[in-house]
file protein_20.cif (mmCIF, C-alpha atoms)
data_run
loop_
_atom_site.label_atom_id
_atom_site.label_comp_id
_atom_site.auth_asym_id
_atom_site.auth_seq_id
_atom_site.Cartn_x
_atom_site.Cartn_y
_atom_site.Cartn_z
CA MET F 154 0.00 0.00 0.00
CA ILE F 155 1.20 3.49 -0.80
CA LEU F 156 -0.30 5.66 1.90
CA GLY F 157 -0.22 9.45 2.20
CA ILE F 158 -0.46 10.98 5.68
CA SER F 159 -1.91 14.48 5.51
CA TYR F 160 -0.81 16.42 8.61
CA ASP F 161 0.06 19.88 9.89
CA LEU F 162 1.71 19.04 13.20
CA LEU F 163 3.82 15.95 13.70
CA ARG F 164 2.46 14.57 16.97
CA TRP F 165 3.30 11.19 18.50
CA GLU F 166 0.39 9.65 16.59
CA GLU F 167 1.51 10.76 13.13
CA ARG F 168 5.10 9.70 13.75
CA ASN F 169 3.95 6.33 15.08
CA ILE F 170 1.72 5.69 12.06
CA ILE F 171 4.62 6.54 9.73
CA GLU F 172 7.00 4.22 11.63
CA GLU F 173 4.52 1.34 11.89
CA GLY F 174 3.65 1.68 8.22
CA ARG F 175 7.26 1.45 7.19
CA LYS F 176 7.80 -1.56 9.50
CA SER F 177 4.86 -3.30 7.78
CA GLY F 178 6.33 -2.71 4.35
CA PHE F 179 3.91 0.03 3.30
CA LYS F 180 5.25 3.04 1.49
CA VAL F 181 4.25 5.95 3.68
CA ILE F 182 4.41 9.45 2.26
CA PRO F 183 4.13 12.27 4.80
CA ILE F 184 2.19 15.19 3.27
CA PHE F 185 2.83 18.36 5.29
CA THR F 186 -0.25 20.47 4.56
CA LYS F 187 1.56 23.76 4.87
CA ASP F 188 3.82 22.75 1.98
CA VAL F 189 1.02 21.76 -0.39
CA THR F 190 -0.93 23.94 -2.80
CA PHE F 191 -3.91 22.95 -4.90
CA LEU F 192 -4.36 24.49 -8.30
CA SER F 193 -7.64 23.77 -10.10
CA SER F 194 -5.92 23.60 -13.49
CA GLU F 195 -3.32 21.06 -12.39
CA ASP F 196 -3.26 17.55 -10.95
CA VAL F 197 -2.32 17.26 -7.31
CA PRO F 198 1.08 15.60 -6.82
CA TYR F 199 1.27 12.19 -5.11
CA GLN F 200 -0.54 10.47 -8.01
CA ASP F 201 0.76 7.03 -6.99
CA VAL F 202 -0.77 7.31 -3.51
CA GLU F 203 -3.56 4.73 -3.01
CA ALA F 204 -5.13 6.29 0.07
CA ILE F 205 -4.69 9.30 2.29
CA LEU F 206 -5.05 9.18 6.05
CA GLN F 207 -6.27 12.53 7.34
CA ARG F 208 -4.32 13.65 10.43
CA ASN F 209 -4.47 17.46 10.43
CA THR F 210 -4.72 18.91 13.92
CA SER F 211 -6.60 21.98 12.72
CA HIS F 212 -10.22 21.15 11.88
CA SER F 213 -10.40 23.68 9.08
CA ARG F 214 -7.26 22.30 7.47
CA ALA F 215 -8.53 18.72 7.94
CA VAL F 216 -11.92 19.33 6.32
CA SER F 217 -10.39 21.42 3.51
CA THR F 218 -7.60 19.02 2.62
CA SER F 219 -9.91 15.99 2.77
CA MET F 220 -12.27 17.77 0.38
CA LEU F 221 -9.46 18.86 -1.94
CA PHE F 222 -7.89 15.40 -2.08
CA GLU F 223 -11.30 13.74 -2.60
CA THR F 224 -12.16 16.03 -5.48
CA SER F 225 -8.76 15.22 -6.97
CA GLY F 226 -9.73 11.55 -7.05
CA PHE F 227 -8.03 10.23 -3.91
CA LYS F 228 -9.57 7.88 -1.33
CA VAL F 229 -9.40 9.87 1.91
CA PHE F 230 -9.98 8.56 5.45
CA ASN F 231 -11.73 10.32 7.13
CA ASP F 232 -13.57 12.02 4.30
CA SER F 233 -14.66 15.65 4.50
CA LEU F 234 -18.35 14.90 5.08
CA THR F 235 -17.54 12.74 8.11
CA LEU F 236 -15.24 15.43 9.46
CA SER F 237 -17.90 18.10 8.97
CA LYS F 238 -20.32 16.00 11.02
CA CYS F 239 -17.78 15.45 13.81
CA GLU F 240 -16.23 18.84 14.22
CA ASN F 241 -19.53 20.65 14.63
CA LYS F 242 -21.12 19.58 17.92
CA LEU F 243 -24.55 20.84 16.94
CA MET F 244 -24.46 18.59 13.90
CA THR F 245 -23.08 15.56 15.76
CA THR F 246 -25.61 15.69 18.59
CA PHE F 247 -28.70 16.25 16.49
CA LEU F 248 -27.70 13.76 13.79
CA LEU F 249 -27.18 11.08 16.43
CA ARG F 250 -30.43 11.97 18.14
CA SER F 251 -32.33 11.74 14.85
CA ARG F 252 -31.19 8.14 14.56
CA GLY F 253 -32.23 7.21 18.10
CA ILE F 254 -28.73 7.22 19.60
CA PRO F 255 -28.77 8.39 23.24
CA VAL F 256 -27.18 11.81 23.77
CA PRO F 257 -27.28 14.22 26.71
CA LYS F 258 -30.28 16.59 26.66
CA THR F 259 -29.02 19.45 24.52
CA ALA F 260 -30.48 22.82 23.62
CA ILE F 261 -29.51 25.10 20.77
CA ALA F 262 -30.48 28.76 20.77
CA PHE F 263 -29.66 31.68 18.53
CA SER F 264 -30.13 34.53 20.97
CA ARG F 265 -28.98 35.15 24.52
CA GLU F 266 -32.54 35.40 25.87
CA LYS F 267 -33.63 32.12 24.32
CA ALA F 268 -30.44 30.41 25.54
CA LEU F 269 -31.25 31.45 29.11
CA GLU F 270 -34.88 30.43 28.70
CA VAL F 271 -34.04 26.97 27.37
CA ALA F 272 -31.35 26.43 30.03
CA LYS F 273 -34.05 26.86 32.67
CA LYS F 274 -35.98 24.11 30.94
CA LEU F 275 -32.93 21.81 31.05
CA GLY F 276 -32.42 22.59 34.74
CA TYR F 277 -29.20 23.81 36.36
CA PRO F 278 -26.36 23.03 36.41
CA VAL F 279 -25.89 23.22 32.65
CA VAL F 280 -22.82 23.04 30.45
CA ILE F 281 -22.11 25.52 27.67
CA LYS F 282 -19.77 24.46 24.88
CA PRO F 283 -18.40 26.14 21.77
CA VAL F 284 -20.05 24.60 18.68
CA GLU F 285 -16.56 23.87 17.44
CA GLY F 286 -13.58 23.30 19.69
CA SER F 287 -11.45 20.68 21.34
CA TRP F 288 -9.46 19.57 24.35
CA GLY F 289 -12.20 20.93 26.65
CA ARG F 290 -11.44 24.53 25.71
CA MET F 291 -14.17 26.96 26.78
CA VAL F 292 -16.41 24.14 27.96
CA ALA F 293 -17.92 25.59 31.13
CA ARG F 294 -20.42 24.57 33.77
CA ALA F 295 -22.99 27.07 35.01
CA GLN F 296 -24.58 26.39 38.39
CA ASP F 297 -27.22 29.08 37.90
CA GLU F 298 -28.65 31.62 35.47
CA ASP F 299 -26.36 34.37 36.65
CA THR F 300 -23.25 32.33 35.81
CA LEU F 301 -24.65 31.21 32.47
CA ARG F 302 -25.38 34.82 31.54
CA SER F 303 -21.73 35.70 32.22
CA LEU F 304 -20.43 32.71 30.26
CA ILE F 305 -22.64 33.65 27.31
CA GLU F 306 -21.28 37.17 27.45
CA TYR F 307 -17.72 35.83 27.36
CA GLN F 308 -18.59 33.64 24.36
CA GLU F 309 -20.06 36.61 22.50
CA PHE F 310 -16.84 38.58 22.91
CA THR F 311 -14.61 35.83 21.53
CA THR F 312 -13.66 35.43 17.90
CA LEU F 313 -15.30 31.98 17.76
CA GLN F 314 -16.86 31.22 14.43
CA TYR F 315 -20.18 30.24 16.00
CA LYS F 316 -20.19 32.71 18.86
CA THR F 317 -23.88 33.54 18.50
CA ILE F 318 -25.01 29.94 18.42
CA TYR F 319 -25.56 28.74 21.97
CA TYR F 320 -24.98 25.04 22.62
CA VAL F 321 -26.27 24.33 26.11
CA GLN F 322 -26.37 20.85 27.57
CA GLU F 323 -27.58 19.20 30.74
CA TYR F 324 -24.78 18.42 33.15
CA VAL F 325 -24.54 14.62 33.13
CA ASN F 326 -23.84 13.42 36.62
CA LYS F 327 -21.29 10.86 35.50
CA PRO F 328 -18.72 9.15 37.70
CA ASN F 329 -15.35 10.94 37.77
CA ARG F 330 -14.60 9.54 34.36
CA ASP F 331 -15.81 9.18 30.81
CA ILE F 332 -15.06 6.68 28.07
CA ARG F 333 -13.09 7.21 24.88
CA ILE F 334 -13.71 4.36 22.47
CA PHE F 335 -12.35 3.88 18.96
CA ALA F 336 -14.06 2.65 15.82
CA VAL F 337 -11.75 1.45 13.04
CA GLY F 338 -13.55 0.27 9.93
CA ASP F 339 -16.31 -1.97 11.29
CA GLU F 340 -14.42 -2.89 14.43
CA VAL F 341 -14.19 -1.55 17.96
CA PRO F 342 -10.71 -2.63 18.97
CA VAL F 343 -9.84 -0.57 22.00
CA GLY F 344 -10.80 2.20 24.40
CA ILE F 345 -9.94 3.90 27.66
CA TYR F 346 -11.53 5.36 30.73
CA ARG F 347 -10.43 8.93 31.34
CA GLU F 348 -10.49 9.58 35.07
CA ASN F 349 -10.16 12.95 36.68
CA GLU F 350 -10.46 13.36 40.46
CA LYS F 351 -9.94 17.11 40.40
CA ASN F 352 -11.82 18.38 37.37
CA TRP F 353 -15.29 17.46 36.11
CA LYS F 354 -13.87 17.76 32.59
CA THR F 355 -12.27 14.44 31.71
CA ASN F 356 -10.09 15.36 28.73
CA THR F 357 -6.60 13.91 29.02
CA ALA F 358 -5.42 17.32 27.76
CA LEU F 359 -6.72 18.61 31.13
CA GLY F 360 -4.96 16.05 33.28
CA ALA F 361 -7.30 13.06 33.22
CA ILE F 362 -5.60 9.70 33.72
CA ALA F 363 -6.11 7.03 31.06
CA LYS F 364 -7.06 3.52 32.22
CA PRO F 365 -7.76 0.42 30.10
CA LEU F 366 -11.39 -0.13 29.20
CA LYS F 367 -13.15 -3.49 29.10
CA ILE F 368 -15.50 -3.16 26.13
CA ASP F 369 -18.91 -4.74 26.73
CA GLU F 370 -21.27 -5.84 23.97
CA GLU F 371 -23.65 -2.90 24.50
CA LEU F 372 -20.87 -0.36 24.15
CA LYS F 373 -19.52 -2.11 21.09
CA GLU F 374 -22.92 -2.10 19.36
CA LEU F 375 -23.49 1.54 20.25
CA THR F 376 -20.07 2.49 18.83
CA ILE F 377 -20.87 0.76 15.54
CA LYS F 378 -24.25 2.54 15.38
CA VAL F 379 -22.53 5.90 15.89
CA LYS F 380 -20.08 5.04 13.14
CA GLU F 381 -22.95 4.17 10.80
CA VAL F 382 -24.50 7.60 11.37
CA ILE F 383 -21.31 9.67 11.25
CA GLY F 384 -19.53 7.62 8.59
CA GLY F 385 -15.79 7.59 8.09
CA PHE F 386 -13.16 5.00 8.88
CA PHE F 387 -11.47 6.00 12.14
CA LEU F 388 -13.40 7.70 14.94
CA GLY F 389 -12.77 8.45 18.62
CA ILE F 390 -16.09 8.55 20.46
CA ASP F 391 -16.65 10.07 23.91
CA VAL F 392 -19.23 8.30 26.04
CA PHE F 393 -20.75 9.31 29.39
CA GLU F 394 -22.12 6.78 31.83
CA ASP F 395 -25.41 7.95 33.30
CA LYS F 396 -26.76 6.10 36.34
CA GLU F 397 -30.32 5.87 35.00
CA ARG F 398 -29.98 6.06 31.23
CA GLY F 399 -26.76 4.15 30.68
CA TYR F 400 -24.42 5.21 27.89
CA LEU F 401 -24.81 8.67 26.34
CA ILE F 402 -22.72 9.84 23.39
CA GLY F 403 -20.93 13.09 24.16
CA GLU F 404 -18.77 13.83 21.15
CA VAL F 405 -17.24 12.19 18.11
CA ASN F 406 -13.71 12.99 16.97
CA GLY F 407 -12.68 12.64 13.34
CA VAL F 408 -8.92 12.96 13.86
CA PRO F 409 -8.51 11.35 17.27
CA GLU F 410 -5.33 11.24 19.28
CA PHE F 411 -4.47 7.86 20.81
CA LYS F 412 -1.09 8.01 22.49
CA ASN F 413 -2.51 7.27 25.95
CA THR F 414 -4.74 4.49 24.63
CA VAL F 415 -1.75 2.71 23.12
CA ARG F 416 0.28 3.18 26.29
CA VAL F 417 -2.22 1.83 28.83
CA ASN F 418 -3.66 -0.95 26.69
CA GLN F 419 -0.37 -2.05 25.12
CA PHE F 420 -2.33 -2.15 21.88
CA ASN F 421 -0.71 -1.20 18.60
CA LEU F 422 -3.53 0.96 17.24
CA SER F 423 -1.43 2.45 14.42
CA ASN F 424 -0.74 -1.01 13.09
CA PHE F 425 -4.41 -1.98 13.40
CA ILE F 426 -5.49 1.16 11.52
CA LEU F 427 -2.97 0.55 8.75
CA HIS F 428 -4.02 -3.05 8.18
CA LYS F 429 -7.75 -2.26 8.27
CA LEU F 430 -7.11 0.59 5.84
CA ASN F 431 -5.23 -1.74 3.51
CA GLU F 432 -8.21 -4.15 3.62
CA ALA F 433 -10.67 -1.31 2.99
CA ILE F 434 -8.94 0.00 -0.14
CA ARG F 435 -8.49 -3.52 -1.57
CA ARG F 436 -12.22 -4.27 -1.24
CA MET W 184 21.85 15.25 14.32
CA VAL W 185 21.58 18.39 12.20
CA SER W 186 22.55 21.76 13.58
CA LEU W 187 20.04 24.50 12.75
CA LYS W 188 19.71 28.14 13.72
CA CYS W 189 17.06 29.36 16.15
CA PRO W 190 15.08 32.13 14.39
CA VAL W 191 14.46 33.84 17.74
CA CYS W 192 17.84 33.96 19.51
CA GLY W 193 20.14 32.89 16.70
CA GLY W 194 21.50 30.06 18.83
CA GLU W 195 22.23 26.56 17.70
CA VAL W 196 19.45 23.95 17.76
CA GLN W 197 20.17 20.24 17.36
CA VAL W 198 17.50 18.44 15.38
CA ASP W 199 17.27 14.71 14.58
CA ASP W 200 18.48 13.70 11.12
CA ASN W 201 15.11 12.09 10.46
CA ALA W 202 13.08 15.14 11.53
CA LEU W 203 10.08 15.85 9.34
CA PRO W 204 8.34 19.15 8.58
CA GLY W 205 5.75 19.92 11.23
CA GLU W 206 7.84 18.54 14.07
CA ILE W 207 7.95 20.77 17.15
CA VAL W 208 11.27 21.55 18.83
CA GLU W 209 11.67 23.37 22.15
CA HIS W 210 14.75 25.56 22.27
CA GLU W 211 16.57 26.49 25.49
CA CYS W 212 15.84 30.20 24.82
CA GLY W 213 12.16 29.35 25.43
CA ALA W 214 11.05 29.43 21.82
CA GLN W 215 8.76 26.75 20.48
CA LEU W 216 9.89 26.04 16.95
CA GLU W 217 8.53 24.16 13.97
CA VAL W 218 10.68 22.27 11.50
CA PHE W 219 9.93 23.16 7.89
CA ASN W 220 11.35 22.48 4.48
CA ASP W 221 13.12 25.58 3.17
CA HIS W 222 13.98 24.85 -0.47
CA ASN W 223 14.88 21.23 0.31
CA ARG W 224 16.79 22.08 3.47
CA LEU W 225 15.46 21.59 6.98
CA SER W 226 14.97 24.89 8.76
CA LEU W 227 13.18 26.28 11.79
CA ARG W 228 10.49 28.91 12.26
CA LEU W 229 8.32 29.94 15.18
CA ALA W 230 5.68 27.29 15.78
CA GLU W 231 2.07 28.11 15.08
CA GLN W 232 -0.01 29.05 18.12
CA ILE W 233 -2.81 26.70 19.11
CA GLY W 234 -5.89 27.76 17.17
CA GLU W 235 -9.45 27.59 18.42
CA ASP W 236 -10.13 24.88 15.84
CA TRP W 237 -7.19 22.78 16.98
CA GLY W 238 -7.40 19.40 18.61
CA GLU W 239 -8.99 16.02 18.44
#
call {"tool": "encode", "arguments": {"input": "protein_20.cif", "output": "structure tokens"}}
result
Amino acid sequence: MILGISYDLLRWEERNIIEEGRKSGFKVIPIFTKDVTFLSSEDVPYQDVEAILQRNTSHSRAVSTSMLFETSGFKVFNDSLTLSKCENKLMTTFLLRSRGIPVPKTAIAFSREKALEVAKKLGYPVVIKPVEGSWGRMVARAQDEDTLRSLIEYQEFTTLQYKTIYYVQEYVNKPNRDIRIFAVGDEVPVGIYRENEKNWKTNTALGAIAKPLKIDEELKELTIKVKEVIGGFFLGIDVFEDKERGYLIGEVNGVPEFKNTVRVNQFNLSNFILHKLNEAIRR
Amino acid sequence: MVSLKCPVCGGEVQVDDNALPGEIVEHECGAQLEVFNDHNRLSLRLAEQIGEDWGE
């Protein structure tokens, strides 16, 4: 397999995929996005590449390069439509909900007044999140209306692309952890618990500790269902455990990081991805 | 190792021979640098700041 890796920041994950690919005898071609230009009147280079794995850290660069490579005739994983569904939380939540997949109660409003009104309906505490964003940035919990009003005001004064779309969610009273589970092709090979004793936000970027996850049948089936709705080839799905309702899908990541998953599970996810990808393009 | 010049302090920065564009290097002067390909030669520039659309 001749595989292109489209990336803008060489993290542990990208380097590991490149190394594992070369060990497996694949020809891996790193494609540094900032060095590439696309000209509508010319073919994109890398014509011998059989597939491109999308690994851009920036969402806008990921969606754009996936789209540009797709329209140049390449097979791209994940494709731009999948990435568009993942990176926008409004889209992810309401798409999943429309297909009967359990999600936290979520409200969308387009004015400050309506956001406050609908938050009351959800019941405090509530969580406000940027429509697009990662690593727990600007995700905030409001215990009451007064706090939510302030958080909304802060959002409005940012340069966020969706600063006047208010994504307000019930606060799920989960244990001090959440689940990050991976879908690769049609399989659910590995996952982790992300535990945080000190912060209700359980992103590993915010200090949560990764622990190996034992994947039960219910979680596996739910992961596959999410993948069927969102599409794509490689997804990192965040799951909350609710005492009454069971598993709720929080977010879906289209370019997931997995360094901690590999470390605590001793599972070679890069190698698994590469071999599943090879199978997928040979089908 | 390849010896490159820090674009901030002008000091010497040692980078792995197999470094690829996009790799981040911390220099002792405090600068966070990004390896890039400058006309087929490895070079360093200030790393991009984390954007609001960055992350998994």
call {"tool": "closest_residue", "arguments": {"input": "protein_20.cif", "among": "F:Glu203, F:Asp297, F:Glu306, F:Glu240", "to": "chain W", "atoms": "only C-alpha atoms"}}
result
F:Glu240
call {"tool": "resolve_selection", "arguments": {"input": "protein_20.cif", "expression": "the PyMOL selection byres ((chain W and resi 202) around 12)", "output": "list in words"}}
result
Leu163, Arg164, Arg168 and Pro183 of chain F; Met184, Val185, Ser186, Leu187, Gln197, Val198, Asp199, Asp200, Asn201, Leu203, Pro204, Gly205, Glu206, Ile207, Val208, Glu217, Val218, Phe219, Asn220, Arg224, Leu225, Ser226 and Leu227 of chain W
call {"tool": "residues_around", "arguments": {"input": "protein_20.cif", "residues": "Glu235 (chain W)", "least_positions_apart": "2", "cutoff": "9 Å", "atoms": "all atoms listed in the file", "output": "mmCIF file with C-alpha atoms, in the coordinates of the input"}}
result
data_model
loop_
_atom_site.group_PDB
_atom_site.id
_atom_site.type_symbol
_atom_site.label_atom_id
_atom_site.label_comp_id
_atom_site.auth_asym_id
_atom_site.auth_seq_id
_atom_site.Cartn_x
_atom_site.Cartn_y
_atom_site.Cartn_z
ATOM 1 C CA SER F 211 -6.600 21.980 12.720
ATOM 2 C CA GLU F 285 -16.560 23.870 17.440
ATOM 3 C CA GLY F 286 -13.580 23.300 19.690
ATOM 4 C CA SER F 287 -11.450 20.680 21.340
ATOM 5 C CA ARG F 290 -11.440 24.530 25.710
ATOM 6 C CA THR F 312 -13.660 35.430 17.900
ATOM 7 C CA LEU F 313 -15.300 31.980 17.760
ATOM 8 C CA ILE W 233 -2.810 26.700 19.110
ATOM 9 C CA TRP W 237 -7.190 22.780 16.980
ATOM 10 C CA GLY W 238 -7.400 19.400 18.610
#
call {"tool": "atom_distance", "arguments": {"input": "protein_20.cif", "atom1": "CA of Gly157 (chain F)", "atom2": "CA of Asp339 (chain F)"}}
result
21.7 Å
call {"tool": "resolve_selection", "arguments": {"input": "protein_20.cif", "expression": "the PyMOL selection byres ((chain F and resi 282) around 7)", "output": "ChimeraX atom specification"}}
result
/F:280-281,283-284,291-293,320-321
call {"tool": "atom_distance", "arguments": {"input": "protein_20.cif", "atom1": "CA of Ser264 (chain F)", "atom2": "CA of Gly407 (chain F)"}}
result
29.0 Å
call {"tool": "resolve_selection", "arguments": {"input": "protein_20.cif", "expression": "the PyMOL selection byres ((chain F and resi 276) around 12)", "output": "PyMOL selection string"}}
result
chain F and resi 258-260+269-275+277-280+295-298+301+321-325
